$ cat model.pdb   # PDB, C-alpha atoms and all ligand atoms
ATOM      1  CA  MET A   1      99.334  66.224 164.139
ATOM      2  CA  VAL A   2      96.568  65.568 161.680
ATOM      3  CA  ASN A   3      95.815  69.248 161.238
ATOM      4  CA  LYS A   4      99.465  70.018 160.611
ATOM      5  CA  SER A   5      99.944  67.408 157.870
ATOM      6  CA  ILE A   6      96.986  68.559 155.765
ATOM      7  CA  PRO A   7      98.476  71.906 154.643
ATOM      8  CA  ASN A   8     101.757  70.091 153.859
ATOM      9  CA  VAL A   9     100.100  67.685 151.479
ATOM     10  CA  ALA A  10      98.258  70.594 149.895
ATOM     11  CA  SER A  11     101.432  72.603 149.379
ATOM     12  CA  TYR A  12     103.231  69.602 147.835
ATOM     13  CA  ARG A  13     100.348  69.322 145.403
ATOM     14  CA  ILE A  14     100.689  72.953 144.493
ATOM     15  CA  ILE A  15     104.420  72.557 143.911
ATOM     16  CA  VAL A  16     103.927  69.450 141.756
ATOM     17  CA  LEU A  17     101.176  71.207 139.786
ATOM     18  CA  GLY A  18     103.398  74.236 139.382
ATOM     19  CA  ILE A  19     106.247  72.147 137.978
ATOM     20  CA  ALA A  20     103.892  70.325 135.598
ATOM     21  CA  LEU A  21     102.496  73.627 134.364
ATOM     22  CA  GLY A  22     106.017  74.972 133.900
ATOM     23  CA  PHE A  23     106.991  72.041 131.691
ATOM     24  CA  THR A  24     103.789  72.325 129.688
ATOM     25  CA  LEU A  25     104.397  76.006 128.978
ATOM     26  CA  MET A  26     108.014  75.302 128.060
ATOM     27  CA  GLY A  27     106.864  72.548 125.685
ATOM     28  CA  CYS A  28     104.427  74.913 123.967
ATOM     29  CA  THR A  29     107.061  77.590 123.411
ATOM     30  CA  LEU A  30     109.491  75.014 122.027
ATOM     31  CA  SER A  31     107.018  73.511 119.583
ATOM     32  CA  GLN A  32     106.037  76.976 118.338
ATOM     33  CA  LYS A  33     109.691  77.650 117.642
ATOM     34  CA  ASP A  34     109.998  74.275 115.858
ATOM     35  CA  GLU A  35     107.018  75.148 113.654
ATOM     36  CA  LYS A  36     108.574  78.465 112.704
ATOM     37  CA  THR A  37     111.927  76.864 111.851
ATOM     38  CA  LYS A  38     110.124  74.213 109.821
ATOM     39  CA  PHE A  39     108.205  76.866 107.892
ATOM     40  CA  ILE A  40     111.408  78.783 107.106
ATOM     41  CA  ASN A  41     113.173  75.595 105.946
ATOM     42  CA  TYR A  42     110.262  74.541 103.712
ATOM     43  CA  PHE A  43     109.987  78.046 102.277
ATOM     44  CA  ARG A  44     113.703  78.303 101.448
ATOM     45  CA  GLN A  45     113.899  74.827  99.912
ATOM     46  CA  GLY A  46     110.674  75.530  98.036
ATOM     47  CA  GLU A  47     112.121  78.694  96.562
ATOM     48  CA  GLN A  48     115.113  76.791  95.153
ATOM     49  CA  LEU A  49     112.859  74.087  93.716
ATOM     50  CA  TYR A  50     110.522  76.706  92.242
ATOM     51  CA  ILE A  51     113.438  78.407  90.501
ATOM     52  CA  LYS A  52     114.583  75.060  89.130
ATOM     53  CA  HIS A  53     111.258  73.558  88.043
ATOM     54  CA  CYS A  54     108.690  76.337  87.636
ATOM     55  CA  SER A  55     110.092  79.830  87.156
ATOM     56  CA  ASN A  56     110.997  79.300  83.477
ATOM     57  CA  CYS A  57     107.319  79.531  82.703
ATOM     58  CA  HIS A  58     105.628  81.240  85.666
ATOM     59  CA  GLN A  59     108.575  83.665  86.198
ATOM     60  CA  ALA A  60     110.447  84.310  89.449
ATOM     61  CA  SER A  61     107.976  87.095  90.191
ATOM     62  CA  GLY A  62     105.026  84.679  89.829
ATOM     63  CA  THR A  63     103.387  86.878  87.197
ATOM     64  CA  GLY A  64     103.345  84.240  84.446
ATOM     65  CA  LEU A  65     103.865  85.249  80.843
ATOM     66  CA  GLY A  66     101.212  86.901  78.720
ATOM     67  CA  ARG A  67      98.443  84.581  77.587
ATOM     68  CA  VAL A  68     100.726  81.561  77.541
ATOM     69  CA  TYR A  69     101.675  80.949  81.185
ATOM     70  CA  PRO A  70      99.158  81.847  83.908
ATOM     71  CA  PRO A  71     100.168  83.845  87.024
ATOM     72  CA  LEU A  72     100.598  82.359  90.501
ATOM     73  CA  LYS A  73     100.563  85.809  92.015
ATOM     74  CA  ASP A  74      96.996  86.669  93.103
ATOM     75  CA  SER A  75      95.705  83.590  91.279
ATOM     76  CA  ASP A  76      92.051  82.879  92.093
ATOM     77  CA  TYR A  77      92.575  79.398  90.684
ATOM     78  CA  MET A  78      95.240  78.697  93.318
ATOM     79  CA  LYS A  79      93.024  79.997  96.095
ATOM     80  CA  ASN A  80      90.066  77.840  95.080
ATOM     81  CA  ASN A  81      91.814  74.655  93.912
ATOM     82  CA  PHE A  82      94.441  73.799  96.506
ATOM     83  CA  GLU A  83      94.269  70.042  95.928
ATOM     84  CA  ALA A  84      94.368  70.325  92.138
ATOM     85  CA  VAL A  85      97.469  72.535  92.449
ATOM     86  CA  ILE A  86      99.234  69.889  94.584
ATOM     87  CA  CYS A  87      98.430  67.290  91.894
ATOM     88  CA  LEU A  88      99.404  69.402  88.866
ATOM     89  CA  MET A  89     102.945  70.014  90.175
ATOM     90  CA  LYS A  90     103.665  66.329  89.931
ATOM     91  CA  TYR A  91     101.335  65.185  87.153
ATOM     92  CA  GLY A  92     100.879  68.296  85.009
ATOM     93  CA  MET A  93      97.608  69.556  83.555
ATOM     94  CA  GLU A  94      96.024  70.272  80.206
ATOM     95  CA  GLY A  95      92.846  71.694  78.773
ATOM     96  CA  GLU A  96      91.048  74.971  79.110
ATOM     97  CA  LEU A  97      91.723  76.920  82.280
ATOM     98  CA  ILE A  98      90.572  80.340  83.500
ATOM     99  CA  VAL A  99      92.748  82.318  85.921
ATOM    100  CA  ASN A 100      91.518  85.744  87.058
ATOM    101  CA  GLY A 101      89.124  85.884  84.111
ATOM    102  CA  VAL A 102      91.790  85.119  81.486
ATOM    103  CA  GLN A 103      91.595  81.916  79.490
ATOM    104  CA  TYR A 104      94.656  79.672  79.079
ATOM    105  CA  ASN A 105      94.916  76.472  77.130
ATOM    106  CA  GLN A 106      98.363  75.025  76.906
ATOM    107  CA  ALA A 107      99.598  71.789  78.480
ATOM    108  CA  MET A 108     101.784  72.087  81.544
ATOM    109  CA  PRO A 109     104.219  69.200  82.012
ATOM    110  CA  GLY A 110     104.415  67.867  85.581
ATOM    111  CA  VAL A 111     107.587  66.901  87.416
ATOM    112  CA  PRO A 112     106.915  63.245  88.324
ATOM    113  CA  SER A 113     110.241  62.855  90.142
ATOM    114  CA  LEU A 114     109.188  65.282  92.916
ATOM    115  CA  THR A 115     108.910  63.643  96.351
ATOM    116  CA  ASP A 116     106.028  64.389  98.739
ATOM    117  CA  LEU A 117     108.407  66.592 100.736
ATOM    118  CA  GLU A 118     109.485  68.555  97.652
ATOM    119  CA  VAL A 119     105.863  69.149  96.626
ATOM    120  CA  ALA A 120     105.133  70.350 100.190
ATOM    121  CA  GLU A 121     108.120  72.696 100.038
ATOM    122  CA  ILE A 122     107.137  74.181  96.659
ATOM    123  CA  ALA A 123     103.536  74.511  97.872
ATOM    124  CA  THR A 124     104.721  76.283 101.035
ATOM    125  CA  TYR A 125     106.737  78.640  98.846
ATOM    126  CA  ILE A 126     104.078  79.510  96.242
ATOM    127  CA  TYR A 127     101.283  79.706  98.838
ATOM    128  CA  ASN A 128     103.273  82.214 100.923
ATOM    129  CA  SER A 129     104.765  84.443  98.226
ATOM    130  CA  TRP A 130     103.360  87.316  96.155
ATOM    131  CA  ASP A 131     100.597  88.220  98.635
ATOM    132  CA  ASN A 132      99.592  84.595  99.235
ATOM    133  CA  SER A 133      99.693  83.692 102.934
ATOM    134  CA  ARG A 134      98.356  80.225 103.570
ATOM    135  CA  GLY A 135     101.046  79.114 106.049
ATOM    136  CA  LEU A 136     102.968  75.836 106.135
ATOM    137  CA  VAL A 137     101.812  73.112 103.735
ATOM    138  CA  GLY A 138     102.610  69.877 105.584
ATOM    139  CA  VAL A 139     104.131  66.812 103.971
ATOM    140  CA  LYS A 140     101.476  64.454 105.400
ATOM    141  CA  ASP A 141      98.624  66.460 103.872
ATOM    142  CA  VAL A 142     100.464  66.515 100.547
ATOM    143  CA  GLY A 143     100.974  62.732 100.666
ATOM    144  CA  GLN A 144      97.248  62.195 101.228
ATOM    145  CA  ILE A 145      96.269  64.553  98.408
ATOM    146  CA  LEU A 146      98.774  62.985  95.972
ATOM    147  CA  ASN A 147      97.107  59.608  96.559
ATOM    148  CA  THR A 148      93.839  61.014  95.228
ATOM    149  CA  CYS A 149      95.124  62.637  91.995
ATOM    150  CA  ASN A 150      93.625  61.525  88.678
ATOM    151  CA  GLN A 151      96.626  60.556  86.607
TER     152      GLN A 151
HETATM  153  C1  LIG A 201     106.727  74.501  80.616
HETATM  154  C2  LIG A 201     106.093  75.579  81.338
HETATM  155  C3  LIG A 201     105.599  75.315  82.762
HETATM  156  C4  LIG A 201     106.322  74.849  83.831
HETATM  157  C5  LIG A 201     107.781  74.438  83.863
HETATM  158  C6  LIG A 201     105.406  74.842  84.948
HETATM  159  N1  LIG A 201     104.174  75.296  84.565
HETATM  160 FE1  LIG A 201     102.546  75.589  85.745
HETATM  161  N2  LIG A 201     101.410  75.978  84.128
HETATM  162  C7  LIG A 201     101.869  76.083  82.830
HETATM  163  C8  LIG A 201     100.751  76.237  81.941
HETATM  164  C9  LIG A 201     100.817  76.394  80.420
HETATM  165  C10 LIG A 201      99.591  76.202  82.740
HETATM  166  C11 LIG A 201      98.124  76.275  82.232
HETATM  167  C12 LIG A 201      97.671  74.854  81.900
HETATM  168  C13 LIG A 201      96.380  74.809  81.095
HETATM  169  O1  LIG A 201      96.149  75.723  80.307
HETATM  170  O2  LIG A 201      95.625  73.846  81.266
HETATM  171  C14 LIG A 201     100.045  76.069  84.118
HETATM  172  C15 LIG A 201      99.225  76.072  85.241
HETATM  173  C16 LIG A 201      99.665  76.152  86.546
HETATM  174  C17 LIG A 201      98.847  76.433  87.704
HETATM  175  C18 LIG A 201      97.343  76.683  87.727
HETATM  176  C19 LIG A 201      96.981  78.018  87.176
HETATM  177  C20 LIG A 201      97.380  79.213  88.022
HETATM  178  O3  LIG A 201      98.087  80.076  87.476
HETATM  179  O4  LIG A 201      97.023  79.294  89.213
HETATM  180  C21 LIG A 201      99.676  76.424  88.792
HETATM  181  C22 LIG A 201      99.310  76.680  90.239
HETATM  182  C23 LIG A 201     100.999  76.082  88.315
HETATM  183  N3  LIG A 201     100.959  75.934  86.944
HETATM  184  C24 LIG A 201     102.097  75.930  89.129
HETATM  185  C25 LIG A 201     103.322  75.430  88.678
HETATM  186  C26 LIG A 201     104.402  75.010  89.543
HETATM  187  C27 LIG A 201     104.389  75.083  91.059
HETATM  188  C28 LIG A 201     105.407  74.547  88.734
HETATM  189  C29 LIG A 201     106.716  73.922  89.156
HETATM  190  C30 LIG A 201     106.636  72.664  89.895
HETATM  191  C31 LIG A 201     104.968  74.722  87.362
HETATM  192  N4  LIG A 201     103.685  75.229  87.375
HETATM  193  C32 LIG A 201     105.751  74.446  86.241
HETATM  194  C33 LIG A 201     103.193  76.059  82.452
HETATM  195  C34 LIG A 201     104.247  75.582  83.235
END

$ encode --input "model.pdb" --output "structure tokens"
Amino acid sequence: MVNKSIPNVASYRIIVLGIALGFTLMGCTLSQKDEKTKFINYFRQGEQLYIKHCSNCHQASGTGLGRVYPPLKDSDYMKNNFEAVICLMKYGMEGELIVNGVQYNQAMPGVPSLTDLEVAEIATYIYNSWDNSRGLVGVKDVGQILNTCNQ
């Protein structure tokens, strides 16, 4: 009797473990899919907002305009100053600035009405277009950075 019940308990454990593992794997696949959908939504919204608020100066192609408006495409400034870029969308910037070895010095007006989500969407768009590939810029990170901006 005793000998017989031991393998039974063991096989129940295996079944329960198997089911738990199954759910875990399913959960992982689902959340990966959620992340991808979220990225696509942020990117698409960000593109619309970029066209509305930024492309007049930086151009739809991200190349900027001569010595007046700096490029976002291949911008070393963007690569090295992620937090400053989050801040300047909302609060603007002024003073001397060097992008890819070229000097700019013209004030950029910010768009103070942008919400944390909108800044995250624009950031996701500009950081994943024109050869940039940073991945999703999350709204929580943006919120934290915006709290630290010098305005
Ligand atoms: C009225 C024109 C104008 C608009 C609109 C504008 N910018 Fe700018 N932007 C500038 C100028 C001019 C500078 C350089 C500022 C300086 O010289 O200090 C700049 C600088 C930048 C920089 C840092 C330099 C670089 O090229 O990497 C980024 C990033 C940027 N802008 C992104 C944006 C985004 C995103 C938006 C939309 C939310 C936007 N800008 C809207 C004119 C503009």

$ residues_around --input "model.pdb" --residues "segment 22-38 of chain A" --least-positions-apart "5" --cutoff "9 Å" --atoms "only C-alpha atoms" --output "list in words"
Leu17, Phe43 and Leu136 of chain A

$ closest_residue --input "model.pdb" --among "A:Leu97, A:Ala10, A:Leu49, A:Val68" --to "Asn81 of chain A" --atoms "only C-alpha atoms"
A:Leu97

$ closest_residue --input "model.pdb" --among "A:Val137, A:Cys87, A:Leu117, A:Val111" --to "ligand LIG 201 (chain A)" --atoms "all atoms listed in the file"
A:Val111

$ resolve_selection --input "model.pdb" --expression "the PyMOL selection byres (((chain A and resi 95) around 6) and not hetatm)" --output "ChimeraX atom specification"
/A:94,96,105

$ residues_near_ligand --input "model.pdb" --ligand "ligand LIG 201 (chain A)" --cutoff "6 Å" --atoms "only C-alpha atoms and all ligand atoms" --output "list in words"
Tyr50, His53, Cys54, Asn56, Cys57, Val68, Tyr69, Pro70, Pro71, Leu72, Ser75, Tyr77, Met78, Val85, Met89, Met93, Glu94, Gly95, Glu96, Leu97, Val99, Tyr104, Asn105, Gln106, Ala107 and Met108 of chain A

$ atom_distance --input "model.pdb" --atom1 "atom CA of Asp74 of chain A" --atom2 "atom CA of Ser129 of chain A"
9.6 Å

$ residues_around --input "model.pdb" --residues "Tyr91 of chain A" --least-positions-apart "5" --cutoff "8 Å" --atoms "only C-alpha atoms" --output "JSON, numbers by chain"
{"A": [109, 110, 111, 112, 151]}

$ atom_distance --input "model.pdb" --atom1 "atom CA of Asp76 of chain A" --atom2 "atom CA of Asn100 of chain A"
5.8 Å

$ atom_distance --input "model.pdb" --atom1 "atom CA of Asp116 of chain A" --atom2 "atom CA of Thr63 of chain A"
25.4 Å

$ residues_around --input "model.pdb" --residues "Val139 of chain A" --least-positions-apart "5" --cutoff "10 Å" --atoms "all atoms listed in the file" --output "JSON list (two decimals) with C-alpha atoms, in the frame of the given file"
[["chain", "number", "residue", "atom", "x", "y", "z"],
["A", 42, "TYR", "CA", 110.26, 74.54, 103.71],
["A", 115, "THR", "CA", 108.91, 63.64, 96.35],
["A", 116, "ASP", "CA", 106.03, 64.39, 98.74],
["A", 117, "LEU", "CA", 108.41, 66.59, 100.74],
["A", 118, "GLU", "CA", 109.48, 68.56, 97.65],
["A", 119, "VAL", "CA", 105.86, 69.15, 96.63],
["A", 120, "ALA", "CA", 105.13, 70.35, 100.19],
["A", 121, "GLU", "CA", 108.12, 72.70, 100.04],
["A", 123, "ALA", "CA", 103.54, 74.51, 97.87],
["A", 124, "THR", "CA", 104.72, 76.28, 101.04],
["A", 144, "GLN", "CA", 97.25, 62.20, 101.23],
["A", 145, "ILE", "CA", 96.27, 64.55, 98.41]]

$ axis_aligned_box --input "model.pdb" --around "segment 78-81 of chain A" --padding-each-side "4 Å" --output "AutoDock Vina command-line options"
--center_x 92.7 --center_y 77.3 --center_z 94.7 --size_x 13.2 --size_y 13.3 --size_z 10.8

$ closest_residue --input "model.pdb" --among "A:Ala84, A:Ile51, A:Leu65, A:Ala60" --to "Ile122 of chain A" --atoms "all atoms listed in the file"
A:Ile51

$ decode --input "model.pdb" --residues "segment 97-118 of chain A" --atoms "N, CA, C and O atoms" --output "mmCIF file, in the first residue's frame"
data_model
loop_
_atom_site.group_PDB
_atom_site.id
_atom_site.type_symbol
_atom_site.label_atom_id
_atom_site.label_comp_id
_atom_site.auth_asym_id
_atom_site.auth_seq_id
_atom_site.Cartn_x
_atom_site.Cartn_y
_atom_site.Cartn_z
ATOM 1 N N LEU A 97 24.895 75.066 -29.035
ATOM 2 C CA LEU A 97 24.689 73.619 -29.049
ATOM 3 C C LEU A 97 25.468 73.038 -30.222
ATOM 4 O O LEU A 97 25.446 73.594 -31.318
ATOM 5 N N ILE A 98 26.175 71.928 -29.999
ATOM 6 C CA ILE A 98 26.920 71.318 -31.107
ATOM 7 C C ILE A 98 26.342 69.941 -31.405
ATOM 8 O O ILE A 98 26.215 69.099 -30.511
ATOM 9 N N VAL A 99 25.898 69.736 -32.646
ATOM 10 C CA VAL A 99 25.377 68.435 -33.061
ATOM 11 C C VAL A 99 26.221 67.949 -34.235
ATOM 12 O O VAL A 99 26.318 68.632 -35.254
ATOM 13 N N ASN A 100 26.828 66.793 -34.076
ATOM 14 C CA ASN A 100 27.695 66.209 -35.114
ATOM 15 C C ASN A 100 28.737 67.210 -35.609
ATOM 16 O O ASN A 100 28.963 67.348 -36.808
ATOM 17 N N GLY A 101 29.309 67.961 -34.673
ATOM 18 C CA GLY A 101 30.386 68.889 -35.018
ATOM 19 C C GLY A 101 29.935 70.229 -35.570
ATOM 20 O O GLY A 101 30.769 71.092 -35.838
ATOM 21 N N VAL A 102 28.611 70.411 -35.748
ATOM 22 C CA VAL A 102 28.114 71.683 -36.287
ATOM 23 C C VAL A 102 27.495 72.490 -35.142
ATOM 24 O O VAL A 102 26.746 71.954 -34.327
ATOM 25 N N GLN A 103 27.815 73.792 -35.133
ATOM 26 C CA GLN A 103 27.307 74.613 -34.041
ATOM 27 C C GLN A 103 25.957 75.254 -34.382
ATOM 28 O O GLN A 103 25.774 75.777 -35.477
ATOM 29 N N TYR A 104 25.026 75.175 -33.446
ATOM 30 C CA TYR A 104 23.710 75.810 -33.595
ATOM 31 C C TYR A 104 23.522 76.753 -32.428
ATOM 32 O O TYR A 104 24.055 76.531 -31.339
ATOM 33 N N ASN A 105 22.769 77.813 -32.653
ATOM 34 C CA ASN A 105 22.488 78.707 -31.539
ATOM 35 C C ASN A 105 21.226 79.505 -31.828
ATOM 36 O O ASN A 105 21.263 80.649 -32.244
ATOM 37 N N GLN A 106 20.130 78.841 -31.646
ATOM 38 C CA GLN A 106 18.840 79.474 -31.888
ATOM 39 C C GLN A 106 17.876 78.840 -30.897
ATOM 40 O O GLN A 106 17.904 77.625 -30.709
ATOM 41 N N ALA A 107 17.020 79.653 -30.258
ATOM 42 C CA ALA A 107 16.149 79.078 -29.228
ATOM 43 C C ALA A 107 15.110 78.149 -29.838
ATOM 44 O O ALA A 107 14.550 78.436 -30.896
ATOM 45 N N MET A 108 14.898 77.029 -29.182
ATOM 46 C CA MET A 108 13.804 76.139 -29.573
ATOM 47 C C MET A 108 12.688 76.286 -28.545
ATOM 48 O O MET A 108 12.916 76.113 -27.355
ATOM 49 N N PRO A 109 11.462 76.611 -29.005
ATOM 50 C CA PRO A 109 10.360 76.702 -28.052
ATOM 51 C C PRO A 109 9.903 75.310 -27.664
ATOM 52 O O PRO A 109 9.837 74.414 -28.509
ATOM 53 N N GLY A 110 9.588 75.078 -26.401
ATOM 54 C CA GLY A 110 9.052 73.774 -25.988
ATOM 55 C C GLY A 110 7.550 73.726 -26.220
ATOM 56 O O GLY A 110 6.950 74.701 -26.670
ATOM 57 N N VAL A 111 6.968 72.568 -25.954
ATOM 58 C CA VAL A 111 5.507 72.433 -26.040
ATOM 59 C C VAL A 111 5.013 72.030 -24.644
ATOM 60 O O VAL A 111 4.874 70.849 -24.332
ATOM 61 N N PRO A 112 4.763 73.055 -23.779
ATOM 62 C CA PRO A 112 4.466 72.758 -22.372
ATOM 63 C C PRO A 112 3.184 71.956 -22.175
ATOM 64 O O PRO A 112 3.017 71.331 -21.130
ATOM 65 N N SER A 113 2.293 71.959 -23.174
ATOM 66 C CA SER A 113 1.021 71.249 -22.987
ATOM 67 C C SER A 113 1.164 69.735 -23.167
ATOM 68 O O SER A 113 0.220 68.993 -22.921
ATOM 69 N N LEU A 114 2.339 69.252 -23.594
ATOM 70 C CA LEU A 114 2.502 67.808 -23.802
ATOM 71 C C LEU A 114 2.369 67.050 -22.480
ATOM 72 O O LEU A 114 2.944 67.445 -21.466
ATOM 73 N N THR A 115 1.617 65.949 -22.499
ATOM 74 C CA THR A 115 1.516 65.095 -21.306
ATOM 75 C C THR A 115 2.724 64.159 -21.265
ATOM 76 O O THR A 115 3.443 64.009 -22.255
ATOM 77 N N ASP A 116 2.918 63.495 -20.112
ATOM 78 C CA ASP A 116 4.014 62.526 -19.993
ATOM 79 C C ASP A 116 3.896 61.468 -21.088
ATOM 80 O O ASP A 116 4.887 61.070 -21.703
ATOM 81 N N LEU A 117 2.662 61.009 -21.335
ATOM 82 C CA LEU A 117 2.450 59.975 -22.348
ATOM 83 C C LEU A 117 2.854 60.478 -23.736
ATOM 84 O O LEU A 117 3.523 59.768 -24.490
ATOM 85 N N GLU A 118 2.462 61.725 -24.046
ATOM 86 C CA GLU A 118 2.794 62.269 -25.372
ATOM 87 C C GLU A 118 4.308 62.418 -25.556
ATOM 88 O O GLU A 118 4.834 62.131 -26.626
#
